[in-house]
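Before any comments, here is the structure.
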Amino acid sequence: MHEMDPQVMKEMAARYVPVLTNIMAPNNQVRWNAEKQIVELKLGEVLYPQVLASIAIAWNGIDNSLTVRQLAAVLLRRYVDQHWNFHCDGASKLVIGDDMKKSLMQIMMPSLSEPDPKIRDANAHVIACMAKWEWNDNWQDLLPTILDKLCHPHKEFDGQIQGSILVLNEVCHEMLFSDFRLALPQFLPMVVAILTSDELSAFCKIHALECLTTCINKVSSTVDRNDQEKNILPAGFMWKITEMLIALLRSPKWDGETCGLKHQIMTFLTSTLTFKSPIETNSSARVVEILKVVWELLGEAKEPYMNGFIKDDTADTTSSCTIYQFVLSVLQFVEEVFECGRYNKLVNKSMGGMVRLLVFYVQLSDGEVEQFTLDPDDLCEDDTSTTSVRSQCLHILENSCDFSHINKSFKTAIFSVLQEQLQVAQEMKKSGESNWWKLQEACYYVISCKQDVMLKCVDKVVGKSDILQLLSNFVIPDMNSDIPLLASRAILVCSCFSSLLPEKDAAQLMTCLLPPISPSGNEIMRIFSVRAIYSMYEKHRTGKTLILDHNLPAVFEACFLCVPSLDGTLLELMFELISILVQINPRVTEPHGQQLMQLMLDLIQNKRCDILLKAHFELIFNSIGPYGGCVEAIKQVWIPFICQVLNRVNIEVGYTELALEMLTCIVRHAKEPFNKYLLEQCFTPLLKTFQNPEDAVIYFCACECIRAFLRSSAQQLREFRNAQGQSGVEIIHTIILHLLNPNLNFGHNTYVGRLIASYLLNYSELLSIQQSDVILKSTLAKMYSSRVPSETESLMSVFIHLFHKDVSGTCTYLQGLEVVFGGKTPLEYVICSLCDRHGYFFTKYDVRASLIALSKILEFGLTTKHQALSTITTKGDEIFEEGGVRTRQMALDRPRVFRQIPLFVRVYKLLLKEISHQDKDDEESDDDDFYATDGDSDDDDDDQQIRFLDDELNSDEGDCDCDDDEDDDEIVDTTLMEIDLPQFLSALVKKIAALNEHQSYFVPHLNQYESATLKKLLAS
């Protein structure tokens, strides 16, 4: 053992102390030098850990400041954690010897009685770290030592108990369960005695609760091994401990120390919610008792919460923070209760009081008011926060809308509670209370924040007249309040119900919204005005509301002029709003075309190709393109920039991709003579991007851009000639052959299929038989050799579009190829692959194209009795074996087995499945309509008022428009989009069902779901 000479230790400590002091110095250079010195001491001196230990415990008269002692303990703990044994991270450099370990243990153990709490805790963490590494090896005499320090729960031993139980907690973490079950009966009564002691401090009890939580979690974790292991807890223990903790929770004190204890109690009780034991027979009743106390606590905490948080002028900072954390812990317990769903009866009974309390705690704190006033940009993040009392309350309210077992009682309570609380706020205002507006703002926040969830809930139980009354009595007057946070939230609430407002009030709302958007407007009002306008127009993309349609030009101009003064999240939201306005009415850009294009280009350059801004710009170009908007501005602003980038003139990383994406959007809908201008100016620079075969992203963008030219300028490409005299058709042919080169393997196959399909659809008649044959054979070879599903699906689109255009000719061509793919003819391989991959297509366009192609193959094969098609068999339904769930080993021993069925049957089953999906969508829509009236009266007049928000929340037209926009760039053949798919599929299935061979050939292969779909279709 390393003997510690007092004089030597003092001398060494005297050398270490200046180094430790300098580590905490504010000067960076001094601190860096000290950190370098401490590393040298650590590696160069054998007694390094002993010196740190002697400084930490002030051994033998070594006296230093508390901060130095605390830092010494922290460094020692780090040293122990890195070098205690061969399992530690730093074991490659050095490992502490056995003699040194014993010496450190002897030095540190007495420090558990240190009077200063910070030093005691720091030293206790060192011992706990030793225990963590040593417990399961050879230091099991530690437990008796710790227990000896816990057996006297009196005031004079408070500090000693705090340090000892902190170590015990760490030991419990590291114990093997076999040791833990033997040790638990020894120390559990001591932990309980600490909690029931009237002499010990709240901090001591907090440490005891942390240890108890560790024990309960350790017992709970054994459920997968043996439920009987939980019997190590005494019978009725959970009930007894709960009763004891409830008594502590009911303490009338709200000082910081007591609130800290209550916070830890709630954390412990939350961890026990899912605890089950064979000897605990009434766990539900236990939680019911806790819930009763929780409602009481939230009610009792209102006054201290107000005094400590909302009225900050008289509050103690530590106390107010602790109250805040306590309330948050109670709310986390409530959320866990809701999610487990085992205590619904009590929750439903107390729903009104619960909602009332939650709305109260949604109020802004003084700190939040100050924060949002000083930095209004934080308001953009406020509604998405997940760490505050405010957001926790809102999360519980949202879940109450969704949980089927409690949503009926919640929907009954929420609106009446909001009305009641708004009235309370008005009474507070009349009595002169300065914080009345915070309760009013909280009610508005509940309605407007996460509005889709909350408004659907209100929509289902509240009539139009009730909402109008709330708006006219409270919300509309508050839009002109001199309190920005209240006025802005009132504006947002009005925007939620904009379709419901009378014309006069709607006009007043627009009057309130436009002025704050200007650069000189109030920052808070500007943020909420933008959000309100976004909410209104995002729900009315068709522009069918007269007030919105009438004000759209003024709104666009106000937003447009405000953009240069914005930054961050609000800038992105503003441009998202502008893109929505342009989608509703693209002509709104006409007076501002030049300025808009220049502003977009400036922003994209300043923001370094910001991905969100790019998305909004693409929407703008896609919206103005079909009607030919801003053509001259695009020519003057964007085309020179795009050509400069594509010609590789002083470009930065990312700009080539940006230029190609913007050019694609511009070209896709270009009309004469603009499309010819684009071809002349941009096509040659575009071809230069194919000179870098290493960048798959650039290749993708370039191919999509060429496909856009094929869509808008197919005729002009025939006439185009480059410097070598090649036509656009020949140039693209060369590019396609290059992309199909088997030596290129950098992922371009995931997008080349659409380009080939577009090319063949436009120019197949210009190609010789040999040229077409080379392209199709290369496509087949690539398709067969690919092991990436997305590549296979992309290349498959070539044949999908050929089948749609000429199913007979495509079948004949594939039949004539003298190659084999995995034992299958080309025709069999392509069609079987299409059947297998159909369910994996991602975009709606690809699914539509695949369905139509398969339908035409089926109809052609049956009509012509095509011999080759009728002999193809493919994979059908899986054959399930009896015996329950298949394990991994069973799956290896006996792979899945599928029936083999004729191709025509497989396609027929796919069509029935698609029709079934459409029926389910219709049924879900019907269910929504029915659910919307659930819980209302039988009066027919009320039914007219129930769904007054239907257009805002469930607008099918809006959804459809969004989907069409999303799929627009995926479209290869526009004629496919003109087919009424449900009618097309239904007509084909009915036609097949009328065939004589239907009953014998198709029906025997249908499962019960397919048979039901067929029966329903034929009956319609």
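Chains: A, B, ... in order of the structure tokens. Residues: from 1 per chain. Ligands: from 1, in order shown.
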Notebook entry, point to check: Hey, what's within 12 Å of Trp133 (chain A) if we count only C-alpha atoms and toss same-chain stuff fewer than 3 positions away? As a count of residues only, please?
Noted result: 27
Next item on the list: Within 9 Å of Tyr444 (chain A), counting only C-alpha atoms, which residues show up once you throw out same-chain ones fewer than 5 positions away? Write them as a ChimeraX atom specification, please.
Entry: /A:418,439,449,475,486,489-490,492-493
Checklist line | All helix (DSSP H, G or I) residues (DSSP, backbone) inside region 596-814 of chain A, as a ChimeraX atom specification | finding: /A:596-606,611-624,631-646,655-668,674-691,696-712,714-719,728-739,749-766,769-785,789-805,807-814
Item checked: Atom pair CA of Val362 (chain A) / CA of Cys393 (chain A): separation (Å) ->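 Distance between the two atoms: 6.2 Å.
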Next item on the list: Tell me, in Å to one decimal, how far CA of Lys539 (chain A) is from CA of Cys496 (chain A).
Entry: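 Straight-line distance from CA of Lys539 (chain A) to CA of Cys496 (chain A) works out to 9.5 Å.
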